[in-house]
Amino acid sequence: MNMKRITIAKGDGIGPEIMDATLEIIKASGAKIEIDEIEIGEKVYLSGNTSGIADASWDTLKQNKVFFKAPITTPQGGGYKSLNVTARKALGLYANVRPCVTYTPFVDSKHQMDLVIIRENEEDLYAGIEHQQTDEVIQCLKLISRPGCEKIVRYAFEYAKVNGRKKVTCMSKDNIMKQTDGLFHTIFNEIGLEYPEIEKDHWIIDIGSARIADTPEVFDVIVTLNLYGDIISDIAAQIAGSVGLAGSSNIGDGFAMFEAIHGSAPTIAGQGIANPSGLIQGAVLMLLHIGETESAEIIQNAWLKTLEDGIHTADIYKSDVSSKKVGTHEFAQAVIERLGQEPQQLKVVKYKKTAGIQIKPYQKRVEAKKELIGVDIFVCWNGTNANEIGEKISPLTHKNIELSMISNRGIKVWPNGFDETFCTDHWRCRYKSLDGSSISQGDIIALLTLFNQHQIEVIKTENLYTFDGKIGFSLGQGQ
Ligand code: NAD
């Protein structure tokens, strides 16, 4: 028999209870898997390992390439890093896939939905690059790359194609972040052309989220950036009825990780009452990924039949629809008893045997012609009057490179700012050549030397480039 080796971790809180229950179901389904167990989470963190996973465990993970994990508890404070964020980045798990489905009338929800959220997993504000450089202002760097966008958008379209989905919706905030979110939207439009059979649309994330909360049935597959995906996937799971009911996968080129979407629920740990359904859903996604299609299908249909029969854990129990309130182990036994049965009212699942989702490798483009045309010099200054700082800085010029404006938190305050604009101690001074011609790195150094000679504290610089003549920086408000 061709057994597939996977790595599992039982995690913290309710983790061991729901993992044991889920493994019993997997075993009873006849899935051909073998298991290596590693330890992750609180115990590892508290032993002094700030990443929550022992170095030796990475070898097991890398060897097996499939990781099925229960939730963990990240201790507060003390510089502990999120294991999920570390695993996603270290193993290149670029796509987070979360199916969000309602099971009414058996699980209470005001909605009908069957949507899949595909969230970019490695970039955006989650790069974790934050700096405080003045007393009043802290910044977080949002990094969006062309390969990152291409990979996730292509994955979303391939996912839709392989799973017979009809529409892919892009959500971004490119009306405000025209460069970063603008790139994501542009790439969605570009790659979308390769999938003429799939319907496409775009929503600004704020109204898109509101629409998910109100009318989720209008969505099919949603692809979005990391932070927005984090938020909308929890909204969608919550309005589907319970965070205890959904699983997710994290997919990379050669590696994948599967889990429940909820946390370790420490307040109910050890009582045997947690709902193992989220982890069961994670297991179904994992079995599909490794080609154990038959086991995935019988587990999913038995699980739907269990819900339909009203065998419910406390988190979804409702006296008018439920027939029996059960604990974690009893719920798993009810699923095992129903292996081979199908639901009568909920939709029976029939999975296609596929070779998984393959995306084309990223192809580097011919590099654009890049031209340096200016620099934003950020300074820390404790005054609040923009004209005062304008008078101080505008005489500092080099060749024909002059101060064109000063902004504070993105609002132009010099020249011709409003007295009403509130200013912090974090100022951006934009320098450009008068005729719009290129400048050199040496010119920037000369400018910085001038600032230094006049005892103005420079906290950072951002170069202003054009790419094939197209401006590669934001113009901002009032410019
Ligand atoms: P949580 O998801 O653990 O709990 C939120 C609420 O949902 C609680 O009321 C909990 O009792 C309930 N709940 C969650 N799962 C349930 C289940 N299977 N059955 C029944 N009820 C369930 O979120 P939290 O309280 O914010 O976080 C607790 C811990 O989990 C924290 O340490 C957090 O860092 C961690 N966490 C881990 C992961 C992960 O490992 N993937 C994800 C999220 C949170």
# chains A, B, ... in the order shown; residues from 1 in each chain; ligands from 1

$ select_by_dssp --residues "stretch 47-110 of chain A" --states "helix (DSSP H, G or I)" --output "list in words"
Asp55, Ala56, Ser57, Trp58, Asp59, Thr60, Leu61, Lys62, Gln63, Asn64, Leu83, Asn84, Val85, Thr86, Ala87, Arg88, Lys89 and Ala90 of chain A

$ write_last_selection --atoms "N, CA, C and O atoms" --output "mmCIF file, in the first residue's frame"
data_model
loop_
_atom_site.group_PDB
_atom_site.id
_atom_site.type_symbol
_atom_site.label_atom_id
_atom_site.label_comp_id
_atom_site.auth_asym_id
_atom_site.auth_seq_id
_atom_site.Cartn_x
_atom_site.Cartn_y
_atom_site.Cartn_z
ATOM 1 N N ASP A 55 14.188 23.269 16.594
ATOM 2 C CA ASP A 55 14.922 23.238 15.321
ATOM 3 C C ASP A 55 14.793 21.885 14.629
ATOM 4 O O ASP A 55 14.622 21.805 13.413
ATOM 5 N N ALA A 56 14.862 20.795 15.426
ATOM 6 C CA ALA A 56 14.819 19.443 14.843
ATOM 7 C C ALA A 56 13.488 19.170 14.151
ATOM 8 O O ALA A 56 13.428 18.382 13.201
ATOM 9 N N SER A 57 12.406 19.831 14.614
ATOM 10 C CA SER A 57 11.087 19.573 14.025
ATOM 11 C C SER A 57 10.998 20.070 12.586
ATOM 12 O O SER A 57 10.236 19.545 11.781
ATOM 13 N N TRP A 58 11.814 21.100 12.260
ATOM 14 C CA TRP A 58 11.786 21.604 10.880
ATOM 15 C C TRP A 58 12.187 20.505 9.901
ATOM 16 O O TRP A 58 11.663 20.415 8.795
ATOM 17 N N ASP A 59 13.143 19.638 10.334
ATOM 18 C CA ASP A 59 13.607 18.566 9.437
ATOM 19 C C ASP A 59 12.453 17.624 9.107
ATOM 20 O O ASP A 59 12.261 17.235 7.962
ATOM 21 N N THR A 60 11.674 17.248 10.145
ATOM 22 C CA THR A 60 10.523 16.357 9.923
ATOM 23 C C THR A 60 9.537 17.029 8.971
ATOM 24 O O THR A 60 9.029 16.416 8.042
ATOM 25 N N LEU A 61 9.265 18.314 9.232
ATOM 26 C CA LEU A 61 8.318 19.047 8.385
ATOM 27 C C LEU A 61 8.783 19.070 6.937
ATOM 28 O O LEU A 61 8.012 18.771 6.021
ATOM 29 N N LYS A 62 10.061 19.400 6.744
ATOM 30 C CA LYS A 62 10.581 19.538 5.380
ATOM 31 C C LYS A 62 10.576 18.194 4.657
ATOM 32 O O LYS A 62 10.351 18.133 3.457
ATOM 33 N N GLN A 63 10.824 17.114 5.411
ATOM 34 C CA GLN A 63 10.848 15.786 4.805
ATOM 35 C C GLN A 63 9.451 15.367 4.343
ATOM 36 O O GLN A 63 9.267 14.880 3.246
ATOM 37 N N ASN A 64 8.452 15.574 5.190
ATOM 38 C CA ASN A 64 7.099 15.077 4.870
ATOM 39 C C ASN A 64 6.308 16.033 3.973
ATOM 40 O O ASN A 64 5.386 15.619 3.283
ATOM 41 N N LEU A 83 3.935 31.385 15.472
ATOM 42 C CA LEU A 83 4.430 30.219 14.732
ATOM 43 C C LEU A 83 3.802 30.148 13.345
ATOM 44 O O LEU A 83 4.456 29.766 12.373
ATOM 45 N N ASN A 84 2.526 30.529 13.264
ATOM 46 C CA ASN A 84 1.857 30.474 11.963
ATOM 47 C C ASN A 84 2.522 31.403 10.964
ATOM 48 O O ASN A 84 2.744 31.040 9.819
ATOM 49 N N VAL A 85 2.808 32.634 11.420
ATOM 50 C CA VAL A 85 3.438 33.605 10.518
ATOM 51 C C VAL A 85 4.832 33.081 10.126
ATOM 52 O O VAL A 85 5.210 33.101 8.952
ATOM 53 N N THR A 86 5.579 32.544 11.105
ATOM 54 C CA THR A 86 6.924 32.015 10.801
ATOM 55 C C THR A 86 6.823 30.875 9.793
ATOM 56 O O THR A 86 7.565 30.837 8.803
ATOM 57 N N ALA A 87 5.902 29.922 10.042
ATOM 58 C CA ALA A 87 5.787 28.757 9.145
ATOM 59 C C ALA A 87 5.405 29.201 7.733
ATOM 60 O O ALA A 87 5.969 28.734 6.749
ATOM 61 N N ARG A 88 4.451 30.152 7.640
ATOM 62 C CA ARG A 88 4.024 30.611 6.313
ATOM 63 C C ARG A 88 5.187 31.192 5.527
ATOM 64 O O ARG A 88 5.356 30.930 4.342
ATOM 65 N N LYS A 89 6.000 32.001 6.234
ATOM 66 C CA LYS A 89 7.092 32.664 5.521
ATOM 67 C C LYS A 89 8.241 31.702 5.254
ATOM 68 O O LYS A 89 8.773 31.652 4.163
ATOM 69 N N ALA A 90 8.625 30.930 6.296
ATOM 70 C CA ALA A 90 9.798 30.053 6.147
ATOM 71 C C ALA A 90 9.552 28.984 5.089
ATOM 72 O O ALA A 90 10.466 28.585 4.382
#

$ residues_near_ligand --ligand "ligand 1" --cutoff "10 Å" --atoms "only C-alpha atoms and all ligand atoms" --output "JSON, numbers by chain"
{"A": [11, 12, 13, 14, 15, 17, 18, 40, 41, 42, 69, 70, 71, 72, 73, 74, 75, 76, 82, 83, 84, 85, 238, 242, 243, 244, 245, 246, 248, 258, 259, 260, 261, 262, 263, 264, 265, 266, 267, 268, 269, 272, 273, 274, 275, 276, 277, 278, 279, 313, 314, 315, 316, 327, 328]}

$ atom_distance --atom1 "atom CA of A:Glu217" --atom2 "atom CA of A:Thr104"
13.3 Å

$ residues_around --residues "A:Ile280" --least-positions-apart "6" --cutoff "10 Å" --atoms "only C-alpha atoms" --output "list of chain:residue names"
A:Ile18, A:Met19, A:Ala21, A:Thr22, A:Leu23, A:Ile25, A:Ile26, A:Leu245, A:Ala246, A:Gly247, A:Glu259, A:Ala260, A:Met286, A:Ala296, A:Ile299, A:Gln300, A:Trp303, A:Ala332

$ atom_distance --atom1 "atom CA of A:Ala28" --atom2 "atom CA of A:Ile336"
6.6 Å

$ residues_around --residues "A:Glu297" --least-positions-apart "3" --cutoff "8 Å" --atoms "only C-alpha atoms" --output "ChimeraX atom specification"
/A:284,293-294,300-301,349-351

$ residues_around --residues "stretch 229-233 of chain A" --least-positions-apart "3" --cutoff "8 Å" --atoms "only C-alpha atoms" --output "list in words"
Arg98, Cys100, Ile117, Ile118, Arg119, Glu120, Ser209, Ile212, Val223, Thr224, Leu225, Asn226, Ala236 and Ala237 of chain A

$ residues_around --residues "A:Asn163" --least-positions-apart "2" --cutoff "10 Å" --atoms "only C-alpha atoms" --output "PyMOL selection string"
chain A and resi 157-161+165-166+351-352+354+357

$ write_last_selection --atoms "N, CA, C and O atoms" --output "short mmCIF file (atom, residue, chain, number, x, y, z; two decimals), in the first residue's frame"
data_model
loop_
_atom_site.label_atom_id
_atom_site.label_comp_id
_atom_site.auth_asym_id
_atom_site.auth_seq_id
_atom_site.Cartn_x
_atom_site.Cartn_y
_atom_site.Cartn_z
N PHE A 157 -7.35 31.84 -9.65
CA PHE A 157 -8.01 31.46 -10.90
C PHE A 157 -7.91 29.95 -11.14
O PHE A 157 -8.86 29.32 -11.57
N GLU A 158 -6.73 29.37 -10.83
CA GLU A 158 -6.58 27.91 -11.01
C GLU A 158 -7.50 27.17 -10.05
O GLU A 158 -8.10 26.16 -10.40
N TYR A 159 -7.61 27.68 -8.82
CA TYR A 159 -8.50 27.06 -7.82
C TYR A 159 -9.93 27.05 -8.36
O TYR A 159 -10.63 26.04 -8.30
N ALA A 160 -10.35 28.20 -8.91
CA ALA A 160 -11.71 28.31 -9.45
C ALA A 160 -11.90 27.30 -10.58
O ALA A 160 -12.92 26.60 -10.64
N LYS A 161 -10.90 27.20 -11.45
CA LYS A 161 -11.01 26.30 -12.62
C LYS A 161 -11.10 24.84 -12.16
O LYS A 161 -12.02 24.12 -12.55
N ARG A 165 -15.63 26.51 -10.01
CA ARG A 165 -16.21 27.77 -9.54
C ARG A 165 -16.37 28.72 -10.72
O ARG A 165 -15.60 28.66 -11.68
N LYS A 166 -17.37 29.63 -10.60
CA LYS A 166 -17.74 30.44 -11.77
C LYS A 166 -17.12 31.84 -11.78
O LYS A 166 -16.96 32.45 -12.81
N TYR A 351 -16.05 14.87 -4.79
CA TYR A 351 -14.80 15.53 -5.15
C TYR A 351 -14.20 14.89 -6.39
O TYR A 351 -14.22 13.67 -6.54
N LYS A 352 -13.65 15.77 -7.25
CA LYS A 352 -12.95 15.27 -8.44
C LYS A 352 -11.54 14.88 -8.03
O LYS A 352 -10.91 15.58 -7.24
N THR A 354 -7.98 15.14 -8.54
CA THR A 354 -7.13 16.03 -9.34
C THR A 354 -5.68 15.85 -8.90
O THR A 354 -5.40 15.30 -7.84
N ILE A 357 -3.45 21.66 -7.34
CA ILE A 357 -3.44 22.90 -8.14
C ILE A 357 -2.00 23.27 -8.46
O ILE A 357 -1.18 23.45 -7.57
#

$ select_by_dssp --residues "stretch 309-341 of chain A" --states "strand (DSSP E or B)" --output "list in words"
Ile311, His312, Thr313, Lys324, Lys325 and Val326 of chain A

$ closest_residue --among "A:Ala302, A:Val153, A:Val379, A:Met171" --to "A:Glu342" --atoms "only C-alpha atoms"
A:Ala302

$ residues_around --residues "A:Asn382" --least-positions-apart "4" --cutoff "9 Å" --atoms "only C-alpha atoms" --output "ChimeraX atom specification"
/A:424-426

$ closest_residue --among "A:Asp435, A:Glu150, A:Glu330, A:Asp36" --to "A:Ile359" --atoms "only C-alpha atoms"
A:Glu150
